[in-house]
file coords.txt (compact mmCIF, C-alpha atoms)
# COMPACT_ATOMS: atom_id res chain seq x y z
CA MET A 1 3.69 -1.78 19.36
CA ASN A 2 7.39 -2.64 19.34
CA ILE A 3 9.39 -1.19 16.39
CA GLY A 4 12.93 -2.30 15.58
CA LEU A 5 15.26 0.20 13.89
CA VAL A 6 18.28 -0.77 11.78
CA SER A 7 20.30 2.45 11.46
CA LYS A 8 23.68 3.96 12.30
CA SER A 9 22.39 7.53 12.04
CA TRP A 10 21.61 9.52 15.17
CA GLU A 11 19.40 11.88 13.15
CA ILE A 12 17.29 9.03 11.77
CA ALA A 13 17.01 7.42 15.20
CA THR A 14 15.77 10.70 16.66
CA LEU A 15 13.31 11.24 13.80
CA VAL A 16 11.84 7.74 14.09
CA THR A 17 11.70 7.84 17.88
CA ASP A 18 9.81 11.15 17.88
CA ALA A 19 7.37 9.91 15.22
CA ALA A 20 6.77 6.66 17.10
CA ARG A 21 6.24 8.50 20.37
CA ALA A 22 3.55 10.63 18.72
CA LEU A 23 1.78 7.39 17.75
CA GLY A 24 2.21 5.71 21.13
CA ALA A 25 4.80 3.17 19.94
CA ASP A 26 8.30 2.25 21.12
CA VAL A 27 11.51 2.05 19.08
CA VAL A 28 14.44 -0.21 19.91
CA PRO A 29 17.76 -0.43 17.99
CA VAL A 30 18.33 -3.79 16.27
CA THR A 31 21.00 -5.17 13.96
CA SER A 32 18.85 -7.15 11.50
CA VAL A 33 15.29 -7.73 10.32
CA ALA A 34 15.31 -11.04 12.18
CA ALA A 35 14.88 -9.20 15.51
CA ASP A 36 11.91 -10.07 17.70
CA CYS A 37 9.75 -7.00 16.93
CA ASP A 38 6.31 -6.30 15.54
CA CYS A 39 7.92 -4.57 12.56
CA VAL A 40 11.38 -3.33 11.54
CA LEU A 41 12.45 -0.02 9.97
CA ILE A 42 15.57 -0.10 7.78
CA ASP A 43 17.51 3.11 7.22
CA ALA A 44 17.99 3.50 3.45
CA THR A 45 18.99 7.18 3.50
CA GLY A 46 22.75 6.60 3.35
CA ASP A 47 25.12 5.24 0.73
CA ASP A 48 25.26 1.74 2.22
CA ASP A 49 23.47 -1.03 0.37
CA VAL A 50 20.14 -2.08 1.85
CA VAL A 51 20.34 -5.74 2.81
CA GLY A 52 17.18 -7.79 2.53
CA GLY A 53 16.21 -10.38 5.09
CA SER A 54 13.44 -12.58 6.40
CA CYS A 55 9.93 -11.50 5.41
CA GLU A 56 8.36 -13.12 8.46
CA THR A 57 8.46 -9.68 10.11
CA PRO A 58 7.04 -6.71 8.16
CA CYS A 59 9.88 -4.31 7.36
CA PHE A 60 9.77 -0.78 5.94
CA LEU A 61 12.46 1.39 4.37
CA ILE A 62 13.23 4.88 5.64
CA VAL A 63 13.91 7.09 2.62
CA SER A 64 14.40 10.75 1.75
CA PRO A 65 12.35 12.24 -1.12
CA VAL A 66 15.35 12.62 -3.46
CA GLU A 67 16.22 8.91 -3.26
CA ALA A 68 12.74 7.44 -2.93
CA GLU A 69 12.44 6.30 -6.54
CA GLY A 70 15.87 4.67 -6.52
CA VAL A 71 15.12 2.86 -3.28
CA ALA A 72 11.91 1.55 -4.83
CA GLN A 73 13.98 -0.64 -7.11
CA ARG A 74 15.25 -2.46 -4.00
CA LEU A 75 11.91 -2.56 -2.22
CA ARG A 76 10.91 -5.98 -3.54
CA VAL A 77 13.53 -7.78 -1.45
CA ALA A 78 14.14 -5.24 1.28
CA GLY A 79 10.75 -4.29 2.62
CA HIS A 80 6.99 -3.97 2.45
CA GLY A 81 6.65 -0.20 2.38
CA ILE A 82 8.46 3.09 2.87
CA VAL A 83 8.59 5.80 5.54
CA ARG A 84 9.58 9.16 4.12
CA THR A 85 11.73 11.43 6.28
CA THR A 86 9.50 14.36 5.27
CA ALA A 87 6.29 12.60 6.40
CA ALA A 88 7.53 10.31 9.15
CA VAL A 89 4.44 10.39 11.38
CA LEU A 90 1.99 9.90 8.50
CA ASP A 91 3.92 7.04 6.88
CA LEU A 92 4.79 5.34 10.17
CA ASP A 93 1.13 5.43 11.17
CA HIS A 94 0.32 3.71 7.87
CA ALA A 95 3.05 1.12 8.44
CA LEU A 96 1.82 0.32 11.95
CA ARG A 97 -1.78 -0.07 10.79
CA LEU A 98 -0.69 -2.39 8.00
CA THR A 99 1.45 -4.41 10.43
CA ALA A 100 -1.48 -4.81 12.83
CA ALA A 101 -3.84 -5.84 10.03
CA LEU A 102 -1.40 -8.40 8.64
CA ALA A 103 -0.92 -9.92 12.08
CA ASP A 104 -4.59 -10.35 12.90
CA ALA A 105 -7.31 -8.86 10.70
CA PRO A 106 -10.41 -7.62 12.57
CA PRO A 107 -13.47 -9.90 12.37
CA ARG A 108 -15.33 -7.48 10.09
CA ALA A 109 -13.18 -8.68 7.17
CA VAL A 110 -15.51 -10.41 4.69
CA ARG A 111 -14.61 -13.95 3.70
CA LEU A 112 -16.42 -15.52 0.76
CA PRO A 113 -17.34 -19.21 1.11
CA PRO A 114 -14.66 -21.34 -0.62
CA LEU A 115 -17.29 -23.66 -2.10
CA LEU A 116 -19.07 -20.68 -3.69
CA VAL A 117 -16.07 -18.78 -5.07
CA ARG A 118 -12.85 -20.69 -5.67
CA ALA A 119 -10.88 -18.50 -8.05
CA GLU A 120 -11.88 -14.96 -7.21
CA LEU A 121 -12.71 -12.71 -4.28
CA CYS A 122 -14.86 -9.66 -4.96
CA HIS A 123 -15.97 -7.04 -2.45
CA ARG A 124 -17.84 -3.76 -2.53
CA LEU A 125 -16.12 -1.68 0.15
CA PRO A 126 -17.44 1.50 1.82
CA ASN A 127 -15.08 4.46 2.13
CA ASP A 128 -13.52 3.36 5.41
CA PRO A 129 -9.70 3.56 5.07
CA THR A 130 -9.18 0.99 7.82
CA LEU A 131 -10.74 -1.62 5.52
CA ALA A 132 -7.83 -1.25 3.09
CA SER A 133 -5.40 -3.06 5.37
CA VAL A 134 -8.12 -5.52 6.37
CA TRP A 135 -8.74 -6.46 2.75
CA GLY A 136 -5.01 -6.77 2.10
CA ALA A 137 -4.67 -9.11 5.06
CA GLU A 138 -7.58 -11.18 3.77
CA LEU A 139 -5.84 -11.60 0.41
CA ARG A 140 -2.63 -12.58 2.18
CA ARG A 141 -4.38 -15.43 3.97
CA GLU A 142 -6.18 -16.54 0.82
CA ALA A 143 -2.91 -16.61 -1.17
CA VAL A 144 -1.30 -18.83 1.44
CA GLU A 145 -4.29 -21.14 1.91
CA ARG A 146 -5.37 -21.46 -1.74
CA LEU A 147 -2.01 -21.42 -3.52
CA GLY A 148 0.54 -22.12 -0.81
CA CYS A 149 2.29 -18.85 -1.73
CA PRO A 150 5.62 -18.03 -0.06
CA THR A 151 5.43 -15.52 2.76
CA GLU A 152 7.27 -12.90 0.69
CA THR A 153 4.74 -13.14 -2.15
CA ALA A 154 1.80 -12.98 0.24
CA PHE A 155 3.22 -9.86 1.90
CA ARG A 156 3.75 -8.23 -1.51
CA LEU A 157 0.13 -8.94 -2.39
CA ALA A 158 -1.24 -7.59 0.90
CA SER A 159 0.84 -4.41 0.80
CA ALA A 160 0.02 -3.58 -2.82
CA ALA A 161 -3.70 -4.35 -2.45
CA ALA A 162 -4.01 -2.22 0.70
CA GLU A 163 -2.28 0.73 -0.99
CA ALA A 164 -4.52 0.51 -4.07
CA VAL A 165 -7.74 0.29 -2.04
CA GLU A 166 -6.81 3.14 0.30
CA ASN A 167 -5.85 5.32 -2.64
CA ALA A 168 -9.17 4.53 -4.37
CA MET A 169 -11.05 5.61 -1.26
CA LEU A 170 -9.09 8.76 -0.43
CA ARG A 171 -7.95 10.08 -3.82
CA GLY A 172 -10.78 8.66 -5.92
CA ASN A 173 -14.09 8.53 -4.06
CA LEU A 174 -13.44 11.18 -1.39
CA GLU A 175 -11.25 13.39 -3.65
CA ILE A 176 -8.76 14.22 -0.88
CA SER A 177 -5.71 15.96 -2.29
CA PRO A 178 -2.33 14.18 -1.97
CA ALA A 179 -0.85 17.52 -0.89
CA LEU A 180 -3.12 17.55 2.17
CA SER A 181 -2.01 14.07 3.21
CA ASP A 182 1.65 14.88 2.55
CA ALA A 183 1.38 17.93 4.84
CA GLY A 184 1.47 15.48 7.73
CA ASP A 185 -1.70 16.65 9.53
CA ALA A 186 -3.25 13.24 10.08
CA ALA A 187 -6.01 14.67 12.32
CA MET A 188 -7.16 17.08 9.59
CA VAL A 189 -7.19 14.31 6.97
CA ALA A 190 -9.14 12.00 9.30
CA GLN A 191 -11.70 14.72 10.00
CA LEU A 192 -12.13 15.44 6.29
CA VAL A 193 -12.55 11.71 5.59
CA GLU A 194 -15.33 11.41 8.18
CA THR A 195 -17.04 14.55 6.88
CA ARG A 196 -17.03 13.55 3.22
CA ARG A 197 -18.14 9.99 3.96
CA ARG A 198 -21.47 11.53 5.01
CA GLN A 199 -21.79 14.09 2.22
CA ASN A 200 -23.11 13.84 -1.32
CA PRO A 201 -21.82 12.83 -3.79
CA PHE A 202 -19.06 11.12 -1.80
CA ARG A 203 -21.24 8.90 0.39
CA GLU A 204 -22.88 7.29 -2.63
CA ARG A 205 -19.53 6.00 -3.93
CA SER A 206 -17.96 2.60 -3.22
CA VAL A 207 -14.71 0.84 -4.02
CA TRP A 208 -14.97 -2.38 -6.03
CA ALA A 209 -12.05 -4.65 -5.21
CA SER A 210 -11.48 -8.09 -6.69
CA CYS A 211 -8.64 -10.60 -6.71
CA ARG A 212 -8.26 -13.55 -9.08
CA PHE A 213 -5.99 -16.40 -8.05
CA SER A 214 -4.46 -18.82 -10.55
CA THR A 215 -1.42 -21.05 -10.74
CA GLU A 216 0.29 -18.51 -13.03
CA ASP A 217 -0.40 -15.21 -11.29
CA ILE A 218 -2.46 -13.17 -8.85
CA ARG A 219 -4.43 -10.32 -10.42
CA VAL A 220 -5.99 -7.54 -8.31
CA VAL A 221 -8.43 -5.01 -9.79
CA VAL A 222 -9.47 -1.96 -7.75
CA ARG A 223 -12.02 0.52 -9.12
CA ASP A 224 -13.39 3.64 -7.49
CA GLU A 225 -16.39 5.78 -8.51
CA GLY A 226 -14.61 9.11 -8.46
CA PRO A 227 -13.76 11.44 -11.37
CA GLY A 228 -10.47 9.70 -12.20
CA PHE A 229 -7.06 11.35 -12.30
CA ALA A 230 -7.14 12.11 -16.04
CA SER A 231 -9.96 14.65 -15.56
CA ALA A 232 -8.80 16.04 -12.22
CA PRO A 233 -8.46 19.87 -12.21
CA ASP A 234 -4.88 19.73 -10.89
CA TRP A 235 -3.66 17.39 -13.68
CA PRO A 236 -0.87 19.38 -15.42
CA ALA A 237 -1.42 19.93 -19.13
CA GLY A 238 1.00 17.97 -21.30
CA VAL A 239 2.39 15.91 -18.42
CA THR A 240 2.05 12.16 -18.97
CA ALA A 241 3.56 10.87 -15.72
CA PRO A 242 3.37 12.89 -12.47
CA LEU A 243 5.84 12.55 -9.62
CA LEU A 244 5.32 9.34 -7.66
CA GLY A 245 3.95 9.45 -4.15
CA ARG A 246 4.32 6.75 -1.53
CA GLY A 247 1.56 4.60 -2.99
CA GLY A 248 2.95 4.75 -6.51
CA LEU A 249 6.40 3.75 -5.34
CA ILE A 250 5.03 0.77 -3.45
CA LEU A 251 2.90 -0.46 -6.35
CA ARG A 252 5.76 -0.12 -8.83
CA ALA A 253 8.15 -1.98 -6.54
CA LEU A 254 5.85 -4.77 -5.34
CA CYS A 255 3.95 -5.64 -8.52
CA ASP A 256 5.14 -7.17 -11.77
CA ASP A 257 2.68 -5.06 -13.76
CA VAL A 258 0.53 -2.00 -13.00
CA ARG A 259 -2.11 -0.79 -15.45
CA TYR A 260 -4.77 1.95 -15.35
CA ASN A 261 -7.90 2.29 -17.44
CA ALA A 262 -8.40 5.31 -19.69
CA ASP A 263 -10.46 7.18 -17.08
CA GLY A 264 -7.89 6.70 -14.32
CA ASN A 265 -10.38 5.23 -11.82
CA GLU A 266 -9.39 1.56 -12.12
CA VAL A 267 -6.01 -0.04 -11.50
CA THR A 268 -4.98 -3.62 -12.25
CA LEU A 269 -2.07 -5.14 -10.31
CA LEU A 270 -0.32 -8.32 -11.40
CA ILE A 271 1.97 -10.51 -9.32
CA ALA A 272 3.46 -13.34 -11.37
CA LEU A 273 3.88 -16.77 -9.79
CA SER A 274 5.26 -18.94 -12.58
CA SER A 275 8.02 -16.81 -14.16
CA PRO A 276 9.61 -14.34 -11.71
CA SER A 277 12.52 -13.87 -14.12
CA ALA A 278 10.18 -11.87 -16.36
CA ALA A 279 9.79 -9.13 -13.75
CA PRO A 280 12.55 -6.78 -15.08
CA ALA A 281 10.97 -6.68 -18.54
CA VAL A 282 7.55 -6.00 -17.06
CA ARG A 283 8.98 -3.26 -14.84
CA THR A 284 10.27 -1.43 -17.93
CA ALA A 285 6.73 -1.32 -19.29
CA VAL A 286 5.40 -0.13 -15.94
CA ASP A 287 7.79 2.83 -16.01
CA ARG A 288 5.72 4.25 -18.86
CA VAL A 289 2.43 4.02 -16.94
CA PRO A 290 1.23 7.23 -15.21
CA LEU A 291 1.07 6.76 -11.43
CA THR A 292 -0.71 9.22 -9.16
CA LEU A 293 -0.97 7.35 -5.86

call {"tool": "encode", "arguments": {"input": "coords.txt", "output": "structure tokens"}}
result
Amino acid sequence: MNIGLVSKSWEIATLVTDAARALGADVVPVTSVAADCDCVLIDATGDDDVVGGSCETPCFLIVSPVEAEGVAQRLRVAGHGIVRTTAAVLDLDHALRLTAALADAPPRAVRLPPLLVRAELCHRLPNDPTLASVWGAELRREAVERLGCPTETAFRLASAAAEAVENAMLRGNLEISPALSDAGDAAMVAQLVETRRRQNPFRERSVWASCRFSTEDIRVVVRDEGPGFASAPDWPAGVTAPLLGRGGLILRALCDDVRYNADGNEVTLLIALSSPSAAPAVRTAVDRVPLTL
């Protein structure tokens, strides 16, 4: 896969090149997101403003942990995801899988007959993380075909839906600690995923993912069958909002509203179509919602 890099930093170029090499991909320097690449990485670690561009090519922001939350405020116009400098291989692998799924979803993606279901897609997904990007890509196509959504809106939908489904599988149903994923050992995480998918009680759990399309908004609901974050043993007493991980940053930046149920095993994502000017007010409300992705 061909990755374009917009950066003036030698350190960032070296970091991205090494991470891409570990994943069997190539990095080429480019000057804008309009470059002819499979996806583009934009360096957002410096003081320069991040300039948004065409959304025809998936683009991802390179961020450091200390500035990740601030960069998230610019994510809506600047990119479709983030690559943290402290977890470059893990996040770049995620970005490349999402890029591939958006370009051409594998045939195992389930498509409901349009004459049977016109307003809503609903799937029961097994705990296969590769299906997260597949389902996101399916929603992207449906948004374009059913509603004629702009490319930018369709990409926002696909990215947010994929993050929510993957999180439901890994954090919810399979109960894989975020700390283990953040350690950067993708092989260990993959092995644990395969092991737990075949063990009780994990193998009995599914992810229920639905998407309702209307002329006013797109509403995605993702529910897992795990214990929920509110009852997790590592939930700090008295803390109402934990530090945001990559998934939480992406959901906050891409969606106009993010809501969890009381048990913490169901998330509802809203992307408004009729009144984009209302997004800042909605974002203020979202800031008060606990995010654990």

call {"tool": "residues_near_point", "arguments": {"input": "coords.txt", "point": "(4.9, 12.6, 10.5)", "cutoff": "6 Å", "atoms": "all atoms listed in the file", "output": "list in words"}}
result
Ala19, Ala87, Ala88, Val89, Leu90 and Gly184 of chain A

call {"tool": "atom_distance", "arguments": {"input": "coords.txt", "atom1": "atom CA of Leu131 of chain A", "atom2": "atom CA of Leu15 of chain A"}}
result
28.5 Å

call {"tool": "closest_residue", "arguments": {"input": "coords.txt", "among": "A:Glu120, A:Glu152, A:Glu142, A:Asp93", "to": "Thr57 of chain A", "atoms": "all atoms listed in the file"}}
result
A:Glu152

call {"tool": "atom_distance", "arguments": {"input": "coords.txt", "atom1": "atom CA of Asp36 of chain A", "atom2": "atom CA of Ser159 of chain A"}}
result
21.0 Å

call {"tool": "atom_distance", "arguments": {"input": "coords.txt", "atom1": "atom CA of Val165 of chain A", "atom2": "atom CA of Arg21 of chain A"}}
result
27.7 Å

call {"tool": "closest_residue", "arguments": {"input": "coords.txt", "among": "A:Ala272, A:Leu174, A:Val30, A:Cys211", "to": "Arg197 of chain A", "atoms": "all atoms listed in the file"}}
result
A:Leu174
